[in-house]
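File shown: data_35.pdb. Contents: PDB, C-alpha atoms.
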```pdb
MODEL        1
ATOM      1  CA  MET E   4      30.163  -6.938  46.205
ATOM      2  CA  ALA E   5      32.586  -9.809  46.731
ATOM      3  CA  LYS E   6      33.324 -10.738  50.334
ATOM      4  CA  ARG E   7      36.728  -9.733  51.657
ATOM      5  CA  LYS E   8      39.327 -12.113  53.020
ATOM      6  CA  ILE E   9      40.146 -10.126  56.113
ATOM      7  CA  ASP E  10      41.716 -11.569  59.261
ATOM      8  CA  GLY E  11      41.725 -10.276  62.818
ATOM      9  CA  VAL E  12      39.951  -9.884  66.146
ATOM     10  CA  LEU E  13      37.410  -7.145  66.815
ATOM     11  CA  LEU E  14      36.538  -6.147  70.384
ATOM     12  CA  LEU E  15      32.852  -5.290  70.137
ATOM     13  CA  ASP E  16      30.734  -3.645  72.817
ATOM     14  CA  LYS E  17      27.475  -5.526  72.269
ATOM     15  CA  PRO E  18      24.327  -3.454  72.760
ATOM     16  CA  GLU E  19      21.320  -4.548  74.775
ATOM     17  CA  GLY E  20      18.397  -6.181  73.012
ATOM     18  CA  ILE E  21      20.071  -8.238  70.294
ATOM     19  CA  THR E  22      21.601 -11.698  70.205
ATOM     20  CA  SER E  23      25.330 -12.214  69.995
ATOM     21  CA  ASN E  24      24.848 -13.790  66.574
ATOM     22  CA  LEU E  25      22.975 -10.768  65.246
ATOM     23  CA  ALA E  26      25.731  -8.498  66.592
ATOM     24  CA  LEU E  27      28.253 -10.706  64.813
ATOM     25  CA  GLN E  28      26.371 -10.549  61.514
ATOM     26  CA  LYS E  29      26.053  -6.751  61.710
ATOM     27  CA  ALA E  30      29.799  -6.411  62.294
ATOM     28  CA  ARG E  31      30.549  -8.916  59.566
ATOM     29  CA  ARG E  32      28.505  -6.914  57.067
ATOM     30  CA  LEU E  33      30.302  -3.709  58.009
ATOM     31  CA  TYR E  34      33.615  -5.401  57.279
ATOM     32  CA  ASN E  35      32.167  -7.315  54.314
ATOM     33  CA  ALA E  36      34.102 -10.251  55.752
ATOM     34  CA  GLU E  37      34.082 -13.654  54.106
ATOM     35  CA  LYS E  38      34.183 -15.521  57.416
ATOM     36  CA  ALA E  39      33.393 -14.565  61.013
ATOM     37  CA  GLY E  40      32.620 -16.079  64.414
ATOM     38  CA  HIS E  41      32.357 -15.084  68.065
ATOM     39  CA  THR E  42      34.080 -16.414  71.166
ATOM     40  CA  GLY E  43      31.158 -17.077  73.498
ATOM     41  CA  THR E  44      27.667 -15.616  73.596
ATOM     42  CA  LEU E  45      26.050 -12.925  75.691
ATOM     43  CA  ASP E  46      22.317 -13.085  76.355
ATOM     44  CA  PRO E  47      20.226 -10.526  74.447
ATOM     45  CA  PHE E  48      19.588  -8.427  77.589
ATOM     46  CA  ALA E  49      23.328  -8.354  78.385
ATOM     47  CA  THR E  50      25.826  -5.825  77.066
ATOM     48  CA  GLY E  51      29.574  -5.551  76.919
ATOM     49  CA  LEU E  52      32.650  -7.197  75.567
ATOM     50  CA  LEU E  53      32.113  -9.648  72.721
ATOM     51  CA  PRO E  54      35.368 -10.521  70.937
ATOM     52  CA  LEU E  55      34.655 -11.335  67.279
ATOM     53  CA  CYS E  56      36.966 -13.284  64.999
ATOM     54  CA  LEU E  57      37.245 -12.551  61.282
ATOM     55  CA  GLY E  58      38.796 -14.810  58.691
ATOM     56  CA  GLU E  59      41.744 -16.899  59.857
ATOM     57  CA  ALA E  60      41.301 -15.726  63.450
ATOM     58  CA  THR E  61      38.258 -18.019  63.695
ATOM     59  CA  LYS E  62      40.672 -20.971  63.820
ATOM     60  CA  PHE E  63      41.825 -19.847  67.266
ATOM     61  CA  SER E  64      38.543 -18.648  68.779
ATOM     62  CA  GLN E  65      38.219 -21.756  70.959
ATOM     63  CA  PHE E  66      41.220 -20.653  72.988
ATOM     64  CA  LEU E  67      39.166 -17.739  74.340
ATOM     65  CA  LEU E  68      36.216 -19.931  75.344
ATOM     66  CA  ASP E  69      38.181 -21.152  78.358
ATOM     67  CA  ALA E  70      39.341 -17.670  79.402
ATOM     68  CA  ASP E  71      38.392 -15.963  82.672
ATOM     69  CA  LYS E  72      35.695 -13.300  82.472
ATOM     70  CA  VAL E  73      34.651 -10.260  84.499
ATOM     71  CA  TYR E  74      31.019  -9.167  84.739
ATOM     72  CA  LEU E  75      29.232  -6.223  86.300
ATOM     73  CA  ALA E  76      25.965  -7.723  87.521
ATOM     74  CA  GLU E  77      22.921  -5.858  88.828
ATOM     75  CA  LEU E  78      20.619  -7.977  90.962
ATOM     76  CA  CYS E  79      17.006  -7.119  91.652
ATOM     77  CA  LEU E  80      16.421  -8.356  95.196
ATOM     78  CA  GLY E  81      13.052  -9.623  96.362
ATOM     79  CA  VAL E  82      11.890 -10.758  92.916
ATOM     80  CA  ARG E  83      12.372 -14.214  91.401
ATOM     81  CA  THR E  84      11.624 -14.953  87.726
ATOM     82  CA  THR E  85      11.222 -18.127  85.692
ATOM     83  CA  THR E  86      14.517 -17.521  83.895
ATOM     84  CA  ALA E  87      16.448 -15.824  86.745
ATOM     85  CA  ASP E  88      16.788 -12.792  84.459
ATOM     86  CA  PRO E  89      14.540  -9.936  83.236
ATOM     87  CA  GLU E  90      13.220 -11.944  80.288
ATOM     88  CA  GLY E  91      11.237 -14.327  82.491
ATOM     89  CA  GLU E  92       7.902 -14.061  84.290
ATOM     90  CA  VAL E  93       7.788 -13.108  87.964
ATOM     91  CA  VAL E  94       7.132 -16.157  90.142
ATOM     92  CA  GLU E  95       7.689 -14.725  93.631
ATOM     93  CA  THR E  96       8.150 -11.390  95.378
ATOM     94  CA  ARG E  97       9.368 -10.802  98.930
ATOM     95  CA  PRO E  98      10.148  -7.747 101.056
ATOM     96  CA  VAL E  99      13.780  -6.611 101.023
ATOM     97  CA  THR E 100      15.622  -5.558 104.193
ATOM     98  CA  VAL E 101      19.121  -6.515 103.085
ATOM     99  CA  THR E 102      22.150  -4.616 104.381
ATOM    100  CA  ALA E 103      25.649  -4.317 102.919
ATOM    101  CA  ALA E 104      26.917  -6.281 105.916
ATOM    102  CA  ALA E 105      24.503  -9.120 105.143
ATOM    103  CA  VAL E 106      25.718  -9.218 101.535
ATOM    104  CA  ALA E 107      29.343  -9.249 102.675
ATOM    105  CA  ALA E 108      28.556 -12.166 104.963
ATOM    106  CA  VAL E 109      27.102 -14.437 102.261
ATOM    107  CA  LEU E 110      29.394 -13.683  99.296
ATOM    108  CA  PRO E 111      32.290 -15.877 100.546
ATOM    109  CA  ARG E 112      30.013 -18.926 100.160
ATOM    110  CA  PHE E 113      30.170 -18.468  96.398
ATOM    111  CA  LEU E 114      33.937 -18.133  96.007
ATOM    112  CA  GLY E 115      36.364 -20.785  94.776
ATOM    113  CA  GLU E 116      35.160 -24.054  93.272
ATOM    114  CA  ILE E 117      31.399 -24.299  93.567
ATOM    115  CA  ASP E 118      28.720 -26.581  92.138
ATOM    116  CA  GLN E 119      26.181 -24.831  89.947
ATOM    117  CA  VAL E 120      23.006 -26.320  88.500
ATOM    118  CA  PRO E 121      22.632 -24.992  84.930
ATOM    119  CA  PRO E 122      19.367 -23.106  84.347
ATOM    120  CA  MET E 123      16.659 -24.615  82.176
ATOM    121  CA  HIS E 124      16.897 -21.562  79.937
ATOM    122  CA  SER E 125      20.390 -22.443  78.707
ATOM    123  CA  ALA E 126      21.980 -23.844  75.564
ATOM    124  CA  ILE E 127      23.128 -27.044  77.266
ATOM    125  CA  LYS E 128      21.759 -29.999  75.341
ATOM    126  CA  ARG E 129      19.744 -32.952  76.596
ATOM    127  CA  ASP E 130      19.257 -35.750  74.055
ATOM    128  CA  GLY E 131      20.436 -33.388  71.334
ATOM    129  CA  ARG E 132      18.002 -30.593  72.204
ATOM    130  CA  PRO E 133      18.935 -27.329  73.964
ATOM    131  CA  LEU E 134      17.361 -27.041  77.404
ATOM    132  CA  TYR E 135      15.785 -23.697  76.503
ATOM    133  CA  GLU E 136      13.636 -25.438  73.880
ATOM    134  CA  LEU E 137      12.227 -27.726  76.564
ATOM    135  CA  ALA E 138      11.813 -24.801  78.956
ATOM    136  CA  ARG E 139       9.743 -22.877  76.408
ATOM    137  CA  LYS E 140       7.334 -25.835  76.324
ATOM    138  CA  GLY E 141       7.051 -25.834  80.094
ATOM    139  CA  ILE E 142       9.151 -28.966  80.459
ATOM    140  CA  GLU E 143      11.704 -29.106  83.255
ATOM    141  CA  VAL E 144      14.274 -31.891  83.450
ATOM    142  CA  GLU E 145      16.835 -32.749  86.082
ATOM    143  CA  ARG E 146      20.236 -31.153  85.512
ATOM    144  CA  GLN E 147      23.471 -32.358  87.014
ATOM    145  CA  PRO E 148      25.485 -29.765  88.964
ATOM    146  CA  ARG E 149      28.646 -28.577  87.244
ATOM    147  CA  ARG E 150      31.838 -27.578  89.005
ATOM    148  CA  VAL E 151      32.806 -24.002  88.171
ATOM    149  CA  VAL E 152      35.233 -21.466  89.627
ATOM    150  CA  VAL E 153      34.463 -17.996  90.963
ATOM    151  CA  HIS E 154      37.667 -16.088  91.689
ATOM    152  CA  ASP E 155      36.197 -12.976  93.270
ATOM    153  CA  ILE E 156      32.901 -11.170  93.929
ATOM    154  CA  GLU E 157      33.092  -7.478  94.787
ATOM    155  CA  GLN E 158      30.127  -5.650  96.291
ATOM    156  CA  VAL E 159      29.972  -2.469  94.223
ATOM    157  CA  ALA E 160      26.729  -0.875  95.409
ATOM    158  CA  LEU E 161      23.513  -1.560  97.332
ATOM    159  CA  ALA E 162      20.573   0.824  96.929
ATOM    160  CA  GLY E 163      17.154  -0.379  98.020
ATOM    161  CA  ASP E 164      16.386  -3.561  96.128
ATOM    162  CA  ARG E 165      19.300  -3.171  93.695
ATOM    163  CA  LEU E 166      22.603  -4.903  94.435
ATOM    164  CA  THR E 167      25.527  -4.421  92.044
ATOM    165  CA  LEU E 168      28.347  -6.958  92.056
ATOM    166  CA  ARG E 169      31.535  -7.370  90.046
ATOM    167  CA  VAL E 170      32.164 -11.061  89.356
ATOM    168  CA  HIS E 171      35.510 -12.489  88.227
ATOM    169  CA  CYS E 172      34.988 -16.080  87.193
ATOM    170  CA  GLY E 173      36.203 -18.968  85.106
ATOM    171  CA  LYS E 174      34.457 -20.599  82.160
ATOM    172  CA  GLY E 175      30.956 -22.019  82.385
ATOM    173  CA  VAL E 176      29.641 -19.792  85.185
ATOM    174  CA  TYR E 177      25.997 -18.735  84.810
ATOM    175  CA  VAL E 178      25.828 -15.307  86.442
ATOM    176  CA  ARG E 179      22.025 -15.409  86.557
ATOM    177  CA  THR E 180      22.185 -18.675  88.512
ATOM    178  CA  LEU E 181      24.743 -17.048  90.796
ATOM    179  CA  ALA E 182      22.387 -14.085  91.259
ATOM    180  CA  GLU E 183      19.482 -16.371  92.100
ATOM    181  CA  ASP E 184      21.575 -18.372  94.569
ATOM    182  CA  ILE E 185      22.875 -15.220  96.276
ATOM    183  CA  GLY E 186      19.287 -13.986  96.561
ATOM    184  CA  ALA E 187      18.291 -17.269  98.196
ATOM    185  CA  ALA E 188      21.209 -16.994 100.631
ATOM    186  CA  LEU E 189      20.045 -13.478 101.546
ATOM    187  CA  GLY E 190      16.577 -14.840 102.254
ATOM    188  CA  CYS E 191      14.707 -12.573  99.850
ATOM    189  CA  GLY E 192      15.296 -14.138  96.447
ATOM    190  CA  ALA E 193      16.664 -12.283  93.424
ATOM    191  CA  HIS E 194      17.064 -12.265  89.697
ATOM    192  CA  LEU E 195      19.723 -10.832  87.403
ATOM    193  CA  ALA E 196      18.322  -7.494  86.221
ATOM    194  CA  ALA E 197      21.271  -6.336  84.107
ATOM    195  CA  LEU E 198      24.631  -7.746  83.039
ATOM    196  CA  ARG E 199      27.670  -6.155  81.435
ATOM    197  CA  ARG E 200      30.798  -8.124  80.501
ATOM    198  CA  GLU E 201      33.838  -6.024  81.268
ATOM    199  CA  ALA E 202      36.668  -8.404  80.395
ATOM    200  CA  VAL E 203      37.418 -11.657  78.594
ATOM    201  CA  GLY E 204      40.893 -13.083  79.157
ATOM    202  CA  PRO E 205      43.383 -10.304  78.349
ATOM    203  CA  PHE E 206      40.762  -8.092  76.665
ATOM    204  CA  ASP E 207      39.004  -5.164  78.345
ATOM    205  CA  ILE E 208      35.758  -3.355  77.565
ATOM    206  CA  GLY E 209      37.676  -0.059  77.534
ATOM    207  CA  ASP E 210      39.217  -1.101  74.214
ATOM    208  CA  ALA E 211      35.911  -2.146  72.611
ATOM    209  CA  VAL E 212      33.905  -0.314  69.959
ATOM    210  CA  THR E 213      30.141  -0.141  69.407
ATOM    211  CA  LEU E 214      28.263  -1.045  66.225
ATOM    212  CA  VAL E 215      27.200   2.590  65.851
ATOM    213  CA  GLU E 216      30.818   3.744  66.040
ATOM    214  CA  LEU E 217      31.871   1.085  63.526
ATOM    215  CA  ALA E 218      29.199   2.158  61.056
ATOM    216  CA  ASP E 219      30.411   5.764  61.166
ATOM    217  CA  MET E 220      34.039   4.894  60.372
ATOM    218  CA  GLU E 221      35.956   4.941  57.128
ATOM    219  CA  VAL E 222      37.018   1.487  55.920
ATOM    220  CA  ALA E 223      40.692   2.070  56.712
ATOM    221  CA  THR E 224      39.908   3.228  60.265
ATOM    222  CA  ARG E 225      37.620   0.242  60.814
ATOM    223  CA  ASP E 226      40.240  -2.190  59.525
ATOM    224  CA  GLY E 227      42.801  -0.576  61.804
ATOM    225  CA  LEU E 228      40.819  -1.669  64.848
ATOM    226  CA  LEU E 229      41.441  -5.344  64.135
ATOM    227  CA  LEU E 230      43.897  -7.098  66.393
ATOM    228  CA  PRO E 231      46.129  -9.824  64.896
ATOM    229  CA  PRO E 232      44.884 -13.431  65.203
ATOM    230  CA  ASP E 233      47.703 -14.426  67.556
ATOM    231  CA  CYS E 234      46.364 -12.041  70.232
ATOM    232  CA  LEU E 235      43.974 -14.882  71.111
ATOM    233  CA  ILE E 236      46.857 -17.124  72.205
ATOM    234  CA  ASP E 237      49.284 -14.637  73.710
ATOM    235  CA  ASP E 238      49.555 -16.798  76.830
ATOM    236  CA  LEU E 239      51.068 -19.729  74.899
ATOM    237  CA  ALA E 240      54.828 -20.162  74.746
ATOM    238  CA  ARG E 241      56.395 -18.750  71.574
ATOM    239  CA  LEU E 242      58.559 -20.842  69.244
ATOM    240  CA  ASP E 243      60.542 -19.054  66.529
ATOM    241  CA  LEU E 244      61.467 -21.252  63.594
ATOM    242  CA  ASP E 245      64.243 -21.093  61.026
ATOM    243  CA  ILE E 246      63.422 -21.194  57.316
ATOM    244  CA  GLU E 247      63.661 -24.975  57.019
ATOM    245  CA  SER E 248      61.569 -25.676  60.128
ATOM    246  CA  ALA E 249      58.947 -23.144  59.083
ATOM    247  CA  TRP E 250      58.641 -24.880  55.706
ATOM    248  CA  GLN E 251      58.280 -28.265  57.412
ATOM    249  CA  VAL E 252      55.582 -27.033  59.791
ATOM    250  CA  CYS E 253      53.632 -25.360  56.990
ATOM    251  CA  HIS E 254      53.631 -28.685  55.169
ATOM    252  CA  GLY E 255      52.282 -30.611  58.138
ATOM    253  CA  GLN E 256      55.567 -31.953  59.500
ATOM    254  CA  ALA E 257      56.559 -31.953  63.162
ATOM    255  CA  VAL E 258      59.870 -30.357  64.150
ATOM    256  CA  TRP E 259      62.108 -31.217  67.095
ATOM    257  CA  ARG E 260      63.405 -28.726  69.609
ATOM    258  CA  SER E 261      65.101 -29.463  72.913
ATOM    259  CA  GLY E 262      63.252 -28.761  76.139
ATOM    260  CA  LEU E 263      59.700 -29.134  74.812
ATOM    261  CA  ARG E 264      57.106 -30.715  77.120
ATOM    262  CA  VAL E 265      54.733 -33.356  75.776
ATOM    263  CA  GLY E 266      51.230 -31.900  75.360
ATOM    264  CA  GLU E 267      52.433 -28.295  75.489
ATOM    265  CA  LEU E 268      50.784 -25.872  73.056
ATOM    266  CA  LEU E 269      53.026 -23.424  71.205
ATOM    267  CA  ARG E 270      52.494 -20.434  68.935
ATOM    268  CA  LEU E 271      54.752 -20.618  65.912
ATOM    269  CA  TYR E 272      56.532 -17.853  63.985
ATOM    270  CA  ASP E 273      58.708 -17.840  60.891
ATOM    271  CA  PRO E 274      62.136 -16.111  60.708
ATOM    272  CA  VAL E 275      60.590 -12.700  59.921
ATOM    273  CA  GLY E 276      58.163 -12.921  62.852
ATOM    274  CA  ARG E 277      55.090 -13.905  60.858
ATOM    275  CA  PHE E 278      52.578 -15.909  62.876
ATOM    276  CA  LEU E 279      52.076 -19.391  61.428
ATOM    277  CA  GLY E 280      49.720 -21.105  63.835
ATOM    278  CA  VAL E 281      49.610 -23.423  66.840
ATOM    279  CA  ALA E 282      51.533 -26.636  67.448
ATOM    280  CA  GLU E 283      51.238 -29.312  70.117
ATOM    281  CA  VAL E 284      54.255 -31.217  71.393
ATOM    282  CA  ASP E 285      53.813 -34.908  70.574
ATOM    283  CA  ILE E 286      55.097 -37.943  72.487
ATOM    284  CA  GLU E 287      58.407 -37.730  70.597
ATOM    285  CA  GLY E 288      58.982 -34.220  71.885
ATOM    286  CA  LYS E 289      58.317 -32.646  68.502
ATOM    287  CA  ALA E 290      56.180 -29.592  67.778
ATOM    288  CA  ALA E 291      53.394 -30.986  65.592
ATOM    289  CA  PRO E 292      51.192 -28.432  63.751
ATOM    290  CA  ARG E 293      47.574 -28.395  64.920
ATOM    291  CA  ARG E 294      46.063 -25.144  63.626
ATOM    292  CA  LEU E 295      47.803 -23.209  60.866
ATOM    293  CA  LEU E 296      46.977 -20.002  59.068
ATOM    294  CA  ALA E 297      46.145 -20.587  55.423
ATOM    295  CA  THR E 298      48.614 -17.819  54.594
ATOM    296  CA  GLY E 299      51.331 -19.829  56.286
ATOM    297  CA  ALA E 300      51.104 -22.694  53.807
TER     298      ALA E 300
ENDMDL
END
```

As structure tokens:
Amino acid sequence: MAKRKIDGVLLLDKPEGITSNLALQKARRLYNAEKAGHTGTLDPFATGLLPLCLGEATKFSQFLLDADKVYLAELCLGVRTTTADPEGEVVETRPVTVTAAAVAAVLPRFLGEIDQVPPMHSAIKRDGRPLYELARKGIEVERQPRRVVVHDIEQVALAGDRLTLRVHCGKGVYVRTLAEDIGAALGCGAHLAALRREAVGPFDIGDAVTLVELADMEVATRDGLLLPPDCLIDDLARLDLDIESAWQVCHGQAVWRSGLRVGELLRLYDPVGRFLGVAEVDIEGKAAPRRLLATGA
């Protein structure tokens, strides 16, 4: 069966135990989509919101990579692992006598701009090779701390050796590193036992669908779940174009409008409200097309 040219954004609730890429391929097959991509991976043990882009929406997926995220994280206190998550081997165990007050006392240390050393089991590359490849061979290399932002950490529950936190953070935060560091601050050590992503930018897990639910749907119902590609850039300023300007933009020409700021990104629409793509204001104050839908040409 020929692949379909279908465009849109699917909010998928990724199940535990599979990679983000496998989840993407399963969804892609269900839609029989010609082209698909995701907007940032979740580890296999993690579940939750995984926005997937089909067709022309893939051109704008990078805009979601920088979006804030919200995670529900369950820490196992008193146990450290090689990977800081449940997939690693236990390297240390300690008794746990942590109280909610003790947790509340240390959490403020991890708010705002903090420096985080990326874990060895990560996709960051060193000399062209992902760190996790080196880690699997028992090789550990020095990693430079990276500045990341944690907006808020809410203590949801503490029961025995299980501490549940809700983390609202910016891009690039490793929640398992955060879990390990919080465990160290509490004096007992910890690893990330479970992780669920509840939000990515403007998208919420409450609007997501599972692979099982997708498989049980009729084609029309499944297609109806897709959000339009411009939902990925809803925070950009909107510029509505007249017929002539829309033609110019779709043919690669920049158009002038008063009041535009150099470097500003804009989402473009034609006179009937059809989304055309993204423009960037050049040094002449013109909206120069950067990413256009093929259907807008």

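Of the listed residues (E:Ile21, E:Ala290, E:Leu269, E:Ala223), E:Ala290 comes nearest to E:Ala257; the distances count all atoms listed in the file.
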
Practice prompt. Translate the PyMOL selection byres ((chain E and resi 279) around 10), as applied to the file shown, into an explicit residue set as a ChimeraX atom specification.
Written response: /E:233,243-244,249,252-253,270-273,276-278,280-282,292,294-300

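The protein and nucleic acid residues lying at most 12 Å from E:Leu268 are E:Phe66, E:Ile236, E:Asp237, E:Asp238, E:Leu239, E:Ala240, E:Arg241, E:Leu242, E:Leu263, E:Arg264, E:Val265, E:Gly266, E:Arg270, E:Leu271, E:Gly280, E:Val281, E:Ala282, E:Glu283, E:Val284, E:Asp285, E:Gly288, E:Lys289, E:Ala290, E:Ala291, E:Pro292, E:Arg293, E:Arg294, with all atoms listed in the file considered and sequence neighbours fewer than 2 positions away removed.
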
Residues of the last selection are to be written out with C-alpha atoms, as a PDB file, keeping the file's coordinate frame.
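Written output follows (part.pdb):
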```
ATOM      1  CA  PHE E  66      41.220 -20.653  72.988  1.00  0.00           C
ATOM      2  CA  ILE E 236      46.857 -17.124  72.205  1.00  0.00           C
ATOM      3  CA  ASP E 237      49.284 -14.637  73.710  1.00  0.00           C
ATOM      4  CA  ASP E 238      49.555 -16.798  76.830  1.00  0.00           C
ATOM      5  CA  LEU E 239      51.068 -19.729  74.899  1.00  0.00           C
ATOM      6  CA  ALA E 240      54.828 -20.162  74.746  1.00  0.00           C
ATOM      7  CA  ARG E 241      56.395 -18.750  71.574  1.00  0.00           C
ATOM      8  CA  LEU E 242      58.559 -20.842  69.244  1.00  0.00           C
ATOM      9  CA  LEU E 263      59.700 -29.134  74.812  1.00  0.00           C
ATOM     10  CA  ARG E 264      57.106 -30.715  77.120  1.00  0.00           C
ATOM     11  CA  VAL E 265      54.733 -33.356  75.776  1.00  0.00           C
ATOM     12  CA  GLY E 266      51.230 -31.900  75.360  1.00  0.00           C
ATOM     13  CA  ARG E 270      52.494 -20.434  68.935  1.00  0.00           C
ATOM     14  CA  LEU E 271      54.752 -20.618  65.912  1.00  0.00           C
ATOM     15  CA  GLY E 280      49.720 -21.105  63.835  1.00  0.00           C
ATOM     16  CA  VAL E 281      49.610 -23.423  66.840  1.00  0.00           C
ATOM     17  CA  ALA E 282      51.533 -26.636  67.448  1.00  0.00           C
ATOM     18  CA  GLU E 283      51.238 -29.312  70.117  1.00  0.00           C
ATOM     19  CA  VAL E 284      54.255 -31.217  71.393  1.00  0.00           C
ATOM     20  CA  ASP E 285      53.813 -34.908  70.574  1.00  0.00           C
ATOM     21  CA  GLY E 288      58.982 -34.220  71.885  1.00  0.00           C
ATOM     22  CA  LYS E 289      58.317 -32.646  68.502  1.00  0.00           C
ATOM     23  CA  ALA E 290      56.180 -29.592  67.778  1.00  0.00           C
ATOM     24  CA  ALA E 291      53.394 -30.986  65.592  1.00  0.00           C
ATOM     25  CA  PRO E 292      51.192 -28.432  63.751  1.00  0.00           C
ATOM     26  CA  ARG E 293      47.574 -28.395  64.920  1.00  0.00           C
ATOM     27  CA  ARG E 294      46.063 -25.144  63.626  1.00  0.00           C
TER      28      ARG E 294
END
```

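Against this structure, the PyMOL selection byres ((chain E and resi 155) around 8) ends up with Leu114, Gly115, Val153, His154, Ile156, Glu157, Arg169, Val170, His171 and Cys172 of chain E.
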
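Put simply, atom CA of E:Ala197 is 18.3 Å away from atom CA of E:Thr213.
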
Specify as a PDB file with C-alpha atoms, in the coordinates of the input each residue included when the PyMOL selection byres ((chain E and resi 67-75) around 9) is applied to this file.
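Now in expr_38.pdb:
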```pdb
ATOM      1  CA  THR E  42      34.080 -16.414  71.166  1.00  0.00           C
ATOM      2  CA  GLY E  43      31.158 -17.077  73.498  1.00  0.00           C
ATOM      3  CA  GLY E  51      29.574  -5.551  76.919  1.00  0.00           C
ATOM      4  CA  PRO E  54      35.368 -10.521  70.937  1.00  0.00           C
ATOM      5  CA  PHE E  63      41.825 -19.847  67.266  1.00  0.00           C
ATOM      6  CA  SER E  64      38.543 -18.648  68.779  1.00  0.00           C
ATOM      7  CA  GLN E  65      38.219 -21.756  70.959  1.00  0.00           C
ATOM      8  CA  PHE E  66      41.220 -20.653  72.988  1.00  0.00           C
ATOM      9  CA  ALA E  76      25.965  -7.723  87.521  1.00  0.00           C
ATOM     10  CA  GLU E  77      22.921  -5.858  88.828  1.00  0.00           C
ATOM     11  CA  VAL E 159      29.972  -2.469  94.223  1.00  0.00           C
ATOM     12  CA  THR E 167      25.527  -4.421  92.044  1.00  0.00           C
ATOM     13  CA  LEU E 168      28.347  -6.958  92.056  1.00  0.00           C
ATOM     14  CA  ARG E 169      31.535  -7.370  90.046  1.00  0.00           C
ATOM     15  CA  VAL E 170      32.164 -11.061  89.356  1.00  0.00           C
ATOM     16  CA  HIS E 171      35.510 -12.489  88.227  1.00  0.00           C
ATOM     17  CA  CYS E 172      34.988 -16.080  87.193  1.00  0.00           C
ATOM     18  CA  GLY E 173      36.203 -18.968  85.106  1.00  0.00           C
ATOM     19  CA  LYS E 174      34.457 -20.599  82.160  1.00  0.00           C
ATOM     20  CA  GLY E 175      30.956 -22.019  82.385  1.00  0.00           C
ATOM     21  CA  VAL E 178      25.828 -15.307  86.442  1.00  0.00           C
ATOM     22  CA  ALA E 197      21.271  -6.336  84.107  1.00  0.00           C
ATOM     23  CA  LEU E 198      24.631  -7.746  83.039  1.00  0.00           C
ATOM     24  CA  ARG E 199      27.670  -6.155  81.435  1.00  0.00           C
ATOM     25  CA  ARG E 200      30.798  -8.124  80.501  1.00  0.00           C
ATOM     26  CA  GLU E 201      33.838  -6.024  81.268  1.00  0.00           C
ATOM     27  CA  ALA E 202      36.668  -8.404  80.395  1.00  0.00           C
ATOM     28  CA  VAL E 203      37.418 -11.657  78.594  1.00  0.00           C
ATOM     29  CA  GLY E 204      40.893 -13.083  79.157  1.00  0.00           C
ATOM     30  CA  PRO E 205      43.383 -10.304  78.349  1.00  0.00           C
ATOM     31  CA  LEU E 235      43.974 -14.882  71.111  1.00  0.00           C
ATOM     32  CA  ILE E 236      46.857 -17.124  72.205  1.00  0.00           C
TER      33      ILE E 236
END
```

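One finds atom CA of E:Pro121 at 7.4 Å from atom CA of E:Arg149.
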
Add whatever atoms are absent from stretch 286-296 of chain E to reach N, CA and C atoms, and provide the output as an mmCIF file, in the frame of the given file.
```cif
data_model
loop_
_atom_site.group_PDB
_atom_site.id
_atom_site.type_symbol
_atom_site.label_atom_id
_atom_site.label_comp_id
_atom_site.auth_asym_id
_atom_site.auth_seq_id
_atom_site.Cartn_x
_atom_site.Cartn_y
_atom_site.Cartn_z
ATOM 1 N N ILE E 286 54.401 -37.055 71.540
ATOM 2 C CA ILE E 286 55.097 -37.943 72.487
ATOM 3 C C ILE E 286 56.578 -38.082 72.164
ATOM 4 N N GLU E 287 56.995 -37.680 70.967
ATOM 5 C CA GLU E 287 58.407 -37.730 70.597
ATOM 6 C C GLU E 287 59.124 -36.414 70.927
ATOM 7 N N GLY E 288 58.372 -35.489 71.535
ATOM 8 C CA GLY E 288 58.982 -34.220 71.885
ATOM 9 C C GLY E 288 59.078 -33.256 70.718
ATOM 10 N N LYS E 289 58.314 -33.510 69.674
ATOM 11 C CA LYS E 289 58.317 -32.646 68.502
ATOM 12 C C LYS E 289 57.096 -31.724 68.496
ATOM 13 N N ALA E 290 57.277 -30.544 67.932
ATOM 14 C CA ALA E 290 56.180 -29.592 67.778
ATOM 15 C C ALA E 290 55.401 -29.944 66.522
ATOM 16 N N ALA E 291 54.207 -30.535 66.718
ATOM 17 C CA ALA E 291 53.394 -30.986 65.592
ATOM 18 C C ALA E 291 52.300 -29.947 65.317
ATOM 19 N N PRO E 292 52.203 -29.457 64.068
ATOM 20 C CA PRO E 292 51.192 -28.432 63.751
ATOM 21 C C PRO E 292 49.775 -28.929 64.002
ATOM 22 N N ARG E 293 48.965 -28.060 64.627
ATOM 23 C CA ARG E 293 47.574 -28.395 64.920
ATOM 24 C C ARG E 293 46.609 -27.450 64.214
ATOM 25 N N ARG E 294 46.893 -26.150 64.274
ATOM 26 C CA ARG E 294 46.063 -25.144 63.626
ATOM 27 C C ARG E 294 46.962 -24.151 62.948
ATOM 28 N N LEU E 295 46.925 -24.102 61.616
ATOM 29 C CA LEU E 295 47.803 -23.209 60.866
ATOM 30 C C LEU E 295 47.001 -22.175 60.085
ATOM 31 N N LEU E 296 47.576 -21.000 59.951
ATOM 32 C CA LEU E 296 46.977 -20.002 59.068
ATOM 33 C C LEU E 296 47.104 -20.470 57.628
#
```
